[in-house]
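S.K.: Can you keep this structure in mind? I'll have questions shortly.
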Amino acid sequence: MESFVRGLPKTELHIHIEGTLEPEMMFEMGERNGVALPFQSVEDVAAAYEFDDLQSFLDIYYQAAAVLQTENDFAQLMAAYLAKAASDGVRHAEIFFDPQTHTERGIDIGTVIRGFARGQKRVAEVSSTLILCFLRHLSPESAVEVFEQARPYLAYIQGVGLDSGELGNPPELFAEAYRRAVEAGLRPVAHAGEEGPAEYIWSALDVLGVERIDHGVRAADDPALVERLVREQIPLTMCPLSNQKLQVFPDLRCHNLKELLDAGVLVTVNSDDPAYFGGYVGDNYLAIATALDLSCDDLAQLARNSVTASFLPEDRKVALQQEITEYVASVL
């Protein structure tokens, strides 16, 4: 099963690049840039990665991101993730980044985006694009401001997203920032229905006009919403190990991925913040396969869904779907 999963061609659509900052790289960059960390060792970091909920994770996540200072830092982070993704069979990745995490501490947005672009060029075997995410715990005005700062760099950016603490920060607050982004040609997605209610998913769809829902596990609470997701084939970018680590589903055997997949929802599997949650995308496929007794055919369908749900051009989608078909036929 493991060799099947690692070799299975796939895309990754829900990955926060700052969430790929492994402890070893964190210490390396902290020392290089003179940034003091609240940890003494890699073991201390691992011990801190026991989270009660989303907010307990975010507190550490933003603290660790302080080591990212230079264009080279951002390039190194991106290249390391893409190399890891390539080993997991990822052919294409659509990668979230949080500019406000950096601009709020005085890092120029151009430094961030140019660095990521350099890192993307270093790993040719995985194509990738960037999705600029607004931090929903900051004000809607801050979201508009950071989008305007990003305007000179829109050639590097394919989409716009919404992440950070969900509860009490409904999607409709960010309607103006999304309006500007969509008018500029960016593809809209949003985190919704992870800890927040199914109503947040409706709002993301109807107010922000998103094309994908990131997480979306709470959709199962609303049969009418599930029916809509199936009818319109609106993708959910699910992240099993993240859901387990953040206590959304403390027991993966209770995860609703298979239930939604069987209902006809366009479910995909992704890794979210793998340095913090204990696994990259291949690990997520394996974990959910074990927990829910998924077959190789189920996993192949999830990989096909990941291609369908991507923002790739149609000809590339057709080619990747054919690659999946040929791969499955060759190994099963």
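Letters A, B, ... go to the chains of the structure tokens in the order shown; residues in each chain start at 1; ligands are counted from 1 in the same order.
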What's around Pro99 of chain A at 10 Å? Count only C-alpha atoms, leave out sequence neighbours fewer than 6 positions away in its own chain, and write the answer as a VMD selection string.
M.R.: chain A and resid 107 to 110 112 to 113 132 to 135 143 146 to 147 149 to 150
S.K.: Quick one: residues within 12 Å of Phe74 of chain A, only C-alpha atoms, excluding same-chain residues fewer than 5 positions away - as an NGL selection string?
M.R.: :A and (17-18 or 20-21 or 25-26 or 29 or 65-69 or 79-81 or 97-99 or 102 or 107 or 109-120)
S.K.: So that I can check the surroundings of Ser306 of chain A, please list as a PyMOL selection string every protein, DNA and RNA residue that reaches within 9 Å of it, counting only C-alpha atoms and ignoring chain neighbours fewer than 3 positions away.
M.R.: chain A and resi 10-13+235+237+266-270+301-303+309-310
S.K.: Would you give me, as a PyMOL selection string, the residues in segment 58-242 of chain A that DSSP reads as alpha helix (DSSP H)?
M.R.: chain A and resi 58-64+71-87+99-103+109-122+140-150+175-183+198-206+223-232+240-242
S.K.: Can you work out which one of A:Ala198, A:Ala192, A:Glu211, A:Gln76 has the shortest atom-to-atom distance to Ala224 of chain A, counting only C-alpha atoms?
M.R.: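 Among the listed residues, A:Ala198 lies closest to Ala224 of chain A.
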S.K.: Please identify the strand (DSSP E or B) residues within segment 148-288 of chain A (assignment by DSSP from backbone atoms) and present them as a list in words.
M.R.: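 Taking segment 148-288 of chain A and keeping strand (DSSP E or B) only, one gets Ile157, Gln158, Gly159, Val160, Gly161, Leu162, Asp163, Arg187, Pro188, Val189, Ala190, His191, Ala192, Arg212, Ile213, Asp214, His215, Leu236, Thr237, Met238, Val267, Thr268, Val269 and Asp272 of chain A.
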S.K.: What's around segment 257-265 of chain A at 8 Å? Count only C-alpha atoms, leave out sequence neighbours fewer than 2 positions away in its own chain, and write the answer as a list in words.
M.R.: Val217, Ala220, Val226, Leu229, Val230, Gln233, Ile234, Pro235, Leu236, Met238, His255, Val267 and Leu292 of chain A
S.K.: With N, CA and C atoms retained, write the just-selected residues as a JSON list (two decimals), in the first residue's frame.
M.R.:
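Output file result.json is given in full below:
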[["chain", "number", "residue", "atom", "x", "y", "z"],
["A", 217, "VAL", "N", -15.27, 19.82, 6.55],
["A", 217, "VAL", "CA", -15.78, 18.61, 7.19],
["A", 217, "VAL", "C", -17.17, 18.82, 7.78],
["A", 220, "ALA", "N", -21.05, 17.94, 6.34],
["A", 220, "ALA", "CA", -21.86, 16.76, 6.61],
["A", 220, "ALA", "C", -23.01, 17.05, 7.58],
["A", 226, "VAL", "N", -24.55, 19.24, 1.40],
["A", 226, "VAL", "CA", -23.92, 18.09, 0.74],
["A", 226, "VAL", "C", -24.51, 17.89, -0.65],
["A", 229, "LEU", "N", -22.95, 20.44, -2.92],
["A", 229, "LEU", "CA", -21.56, 20.11, -3.24],
["A", 229, "LEU", "C", -21.48, 19.03, -4.30],
["A", 230, "VAL", "N", -22.36, 18.04, -4.19],
["A", 230, "VAL", "CA", -22.39, 16.97, -5.19],
["A", 230, "VAL", "C", -22.87, 17.49, -6.53],
["A", 233, "GLN", "N", -20.36, 19.85, -7.95],
["A", 233, "GLN", "CA", -19.00, 19.29, -7.91],
["A", 233, "GLN", "C", -17.99, 20.31, -7.38],
["A", 234, "ILE", "N", -18.35, 20.88, -6.23],
["A", 234, "ILE", "CA", -17.48, 21.82, -5.53],
["A", 234, "ILE", "C", -16.50, 21.01, -4.69],
["A", 235, "PRO", "N", -15.21, 21.17, -4.93],
["A", 235, "PRO", "CA", -14.24, 20.33, -4.22],
["A", 235, "PRO", "C", -14.10, 20.68, -2.74],
["A", 236, "LEU", "N", -13.80, 19.67, -1.94],
["A", 236, "LEU", "CA", -13.36, 19.84, -0.56],
["A", 236, "LEU", "C", -11.90, 19.40, -0.48],
["A", 238, "MET", "N", -9.60, 18.18, 1.89],
["A", 238, "MET", "CA", -9.55, 17.66, 3.26],
["A", 238, "MET", "C", -8.12, 17.31, 3.68],
["A", 255, "HIS", "N", -13.62, 9.84, 10.96],
["A", 255, "HIS", "CA", -13.57, 10.91, 9.95],
["A", 255, "HIS", "C", -14.66, 10.68, 8.90],
["A", 267, "VAL", "N", -14.07, 14.99, -3.02],
["A", 267, "VAL", "CA", -13.15, 15.05, -1.88],
["A", 267, "VAL", "C", -11.72, 14.85, -2.36],
["A", 292, "LEU", "N", -9.99, 4.21, 7.60],
["A", 292, "LEU", "CA", -11.31, 4.01, 6.99],
["A", 292, "LEU", "C", -11.38, 2.80, 6.07]]
S.K.: If we count only C-alpha atoms and set the cut-off at 12 Å, which residues sit around Tyr49 of chain A, ignoring sequence neighbours fewer than 2 positions away in its own chain? Please answer as a JSON list (two decimals) with N, CA, C and O atoms, in the first residue's frame.
M.R.:
[["chain", "number", "residue", "atom", "x", "y", "z"],
["A", 22, "GLU", "N", 10.18, 22.68, 8.94],
["A", 22, "GLU", "CA", 10.59, 21.60, 9.84],
["A", 22, "GLU", "C", 11.48, 22.16, 10.96],
["A", 22, "GLU", "O", 12.19, 23.15, 10.77],
["A", 23, "PRO", "N", 11.47, 21.52, 12.14],
["A", 23, "PRO", "CA", 12.24, 22.05, 13.27],
["A", 23, "PRO", "C", 13.72, 22.27, 12.96],
["A", 23, "PRO", "O", 14.30, 23.28, 13.38],
["A", 39, "PHE", "N", 12.46, 27.49, 22.04],
["A", 39, "PHE", "CA", 12.77, 26.07, 22.17],
["A", 39, "PHE", "C", 14.28, 25.90, 22.25],
["A", 39, "PHE", "O", 15.03, 26.64, 21.61],
["A", 42, "VAL", "N", 15.28, 20.28, 19.03],
["A", 42, "VAL", "CA", 14.24, 19.68, 18.18],
["A", 42, "VAL", "C", 13.25, 18.91, 19.04],
["A", 42, "VAL", "O", 12.04, 18.90, 18.78],
["A", 43, "GLU", "N", 13.74, 18.28, 20.10],
["A", 43, "GLU", "CA", 12.86, 17.51, 20.99],
["A", 43, "GLU", "C", 11.87, 18.44, 21.69],
["A", 43, "GLU", "O", 10.70, 18.08, 21.90],
["A", 44, "ASP", "N", 12.33, 19.64, 22.07],
["A", 44, "ASP", "CA", 11.43, 20.61, 22.69],
["A", 44, "ASP", "C", 10.32, 21.01, 21.73],
["A", 44, "ASP", "O", 9.16, 21.19, 22.13],
["A", 45, "VAL", "N", 10.68, 21.17, 20.46],
["A", 45, "VAL", "CA", 9.71, 21.54, 19.45],
["A", 45, "VAL", "C", 8.65, 20.44, 19.32],
["A", 45, "VAL", "O", 7.45, 20.70, 19.32],
["A", 46, "ALA", "N", 9.12, 19.20, 19.23],
["A", 46, "ALA", "CA", 8.19, 18.07, 19.09],
["A", 46, "ALA", "C", 7.23, 18.01, 20.27],
["A", 46, "ALA", "O", 6.03, 17.73, 20.11],
["A", 47, "ALA", "N", 7.75, 18.29, 21.46],
["A", 47, "ALA", "CA", 6.90, 18.25, 22.66],
["A", 47, "ALA", "C", 5.85, 19.34, 22.64],
["A", 47, "ALA", "O", 4.75, 19.18, 23.18],
["A", 51, "PHE", "N", -1.51, 19.77, 20.31],
["A", 51, "PHE", "CA", -2.45, 20.87, 20.22],
["A", 51, "PHE", "C", -3.83, 20.46, 20.73],
["A", 51, "PHE", "O", -4.29, 19.34, 20.50],
["A", 52, "ASP", "N", -4.51, 21.43, 21.37],
["A", 52, "ASP", "CA", -5.87, 21.20, 21.84],
["A", 52, "ASP", "C", -6.90, 21.59, 20.79],
["A", 52, "ASP", "O", -8.01, 21.05, 20.75],
["A", 53, "ASP", "N", -6.53, 22.56, 19.95],
["A", 53, "ASP", "CA", -7.44, 23.06, 18.93],
["A", 53, "ASP", "C", -6.66, 23.88, 17.93],
["A", 53, "ASP", "O", -5.43, 23.95, 17.99],
["A", 54, "LEU", "N", -7.36, 24.52, 17.01],
["A", 54, "LEU", "CA", -6.71, 25.29, 15.96],
["A", 54, "LEU", "C", -5.89, 26.44, 16.54],
["A", 54, "LEU", "O", -4.75, 26.67, 16.11],
["A", 56, "SER", "N", -4.40, 26.83, 19.45],
["A", 56, "SER", "CA", -3.18, 26.43, 20.13],
["A", 56, "SER", "C", -2.07, 26.12, 19.14],
["A", 56, "SER", "O", -0.89, 26.34, 19.43],
["A", 57, "PHE", "N", -2.45, 25.64, 17.95],
["A", 57, "PHE", "CA", -1.48, 25.44, 16.88],
["A", 57, "PHE", "C", -1.01, 26.78, 16.32],
["A", 57, "PHE", "O", 0.19, 27.01, 16.13],
["A", 58, "LEU", "N", -1.96, 27.68, 16.04],
["A", 58, "LEU", "CA", -1.62, 28.95, 15.40],
["A", 58, "LEU", "C", -0.66, 29.77, 16.25],
["A", 58, "LEU", "O", 0.21, 30.47, 15.73],
["A", 59, "ASP", "N", -0.79, 29.67, 17.56],
["A", 59, "ASP", "CA", 0.09, 30.44, 18.44],
["A", 59, "ASP", "C", 1.56, 30.08, 18.19],
["A", 59, "ASP", "O", 2.43, 30.96, 18.16],
["A", 60, "ILE", "N", 1.84, 28.79, 18.02],
["A", 60, "ILE", "CA", 3.21, 28.34, 17.76],
["A", 60, "ILE", "C", 3.60, 28.60, 16.31],
["A", 60, "ILE", "O", 4.73, 29.00, 16.01],
["A", 61, "TYR", "N", 2.67, 28.40, 15.41],
["A", 61, "TYR", "CA", 2.90, 28.57, 13.97],
["A", 61, "TYR", "C", 3.42, 29.98, 13.67],
["A", 61, "TYR", "O", 4.42, 30.15, 12.97],
["A", 64, "ALA", "N", 6.98, 30.58, 15.13],
["A", 64, "ALA", "CA", 8.06, 29.94, 14.38],
["A", 64, "ALA", "C", 8.36, 30.67, 13.08],
["A", 64, "ALA", "O", 9.52, 30.73, 12.64],
["A", 242, "SER", "N", -4.25, 16.64, 9.94],
["A", 242, "SER", "CA", -4.52, 17.92, 10.57],
["A", 242, "SER", "C", -5.77, 17.84, 11.43],
["A", 242, "SER", "O", -5.79, 18.30, 12.59],
["A", 245, "LYS", "N", -4.90, 15.92, 14.56],
["A", 245, "LYS", "CA", -3.98, 16.63, 15.46],
["A", 245, "LYS", "C", -4.68, 17.78, 16.17],
["A", 245, "LYS", "O", -4.38, 18.08, 17.33],
["A", 246, "LEU", "N", -5.62, 18.45, 15.48],
["A", 246, "LEU", "CA", -6.31, 19.60, 16.05],
["A", 246, "LEU", "C", -7.63, 19.23, 16.72],
["A", 246, "LEU", "O", -8.43, 20.10, 17.04],
["A", 273, "ASP", "N", -0.46, 21.50, 7.16],
["A", 273, "ASP", "CA", 0.78, 22.01, 7.76],
["A", 273, "ASP", "C", 1.61, 20.81, 8.21],
["A", 273, "ASP", "O", 1.69, 20.51, 9.41],
["A", 274, "PRO", "N", 2.24, 20.11, 7.28],
["A", 274, "PRO", "CA", 2.81, 18.80, 7.58],
["A", 274, "PRO", "C", 3.93, 18.79, 8.61],
["A", 274, "PRO", "O", 4.10, 17.80, 9.32],
["A", 275, "ALA", "N", 4.69, 19.87, 8.73],
["A", 275, "ALA", "CA", 5.77, 19.90, 9.73],
["A", 275, "ALA", "C", 5.20, 19.86, 11.15],
["A", 275, "ALA", "O", 5.89, 19.42, 12.08],
["A", 276, "TYR", "N", 3.96, 20.29, 11.30],
["A", 276, "TYR", "CA", 3.33, 20.36, 12.62],
["A", 276, "TYR", "C", 2.39, 19.18, 12.89],
["A", 276, "TYR", "O", 2.14, 18.86, 14.05],
["A", 277, "PHE", "N", 1.88, 18.58, 11.82],
["A", 277, "PHE", "CA", 0.81, 17.60, 12.00],
["A", 277, "PHE", "C", 1.25, 16.16, 11.73],
["A", 277, "PHE", "O", 0.44, 15.25, 11.73],
["A", 278, "GLY", "N", 2.54, 15.96, 11.48],
["A", 278, "GLY", "CA", 3.07, 14.61, 11.47],
["A", 278, "GLY", "C", 2.96, 13.88, 10.15],
["A", 278, "GLY", "O", 3.02, 12.65, 10.14]]
S.K.: With distances taken over only C-alpha atoms, which of A:Glu314, A:Glu28, A:Asp88, A:Glu104 is nearest to Asp73 of chain A?
M.R.: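 Under the stated criterion, the closest residue is A:Glu28.
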S.K.: Out of A:Gln244, A:Ser330, A:Gln100, A:Ser3, which residue has the shortest atom-to-atom distance to Leu162 of chain A when counting only C-alpha atoms?
M.R.: A:Gln100
S.K.: Extract, using only C-alpha atoms, all DNA, RNA and protein residues at most 12 Å from Gln55 of chain A, discarding same-chain residues fewer than 5 positions from it, and format them as a VMD selection string.
M.R.: chain A and resid 50 60 to 62 137 163 to 167 195 246 to 247
S.K.: Between atom CA of Thr101 of chain A and atom CA of Leu77 of chain A, what is the distance, to one decimal in Å?
M.R.: 15.0 Å
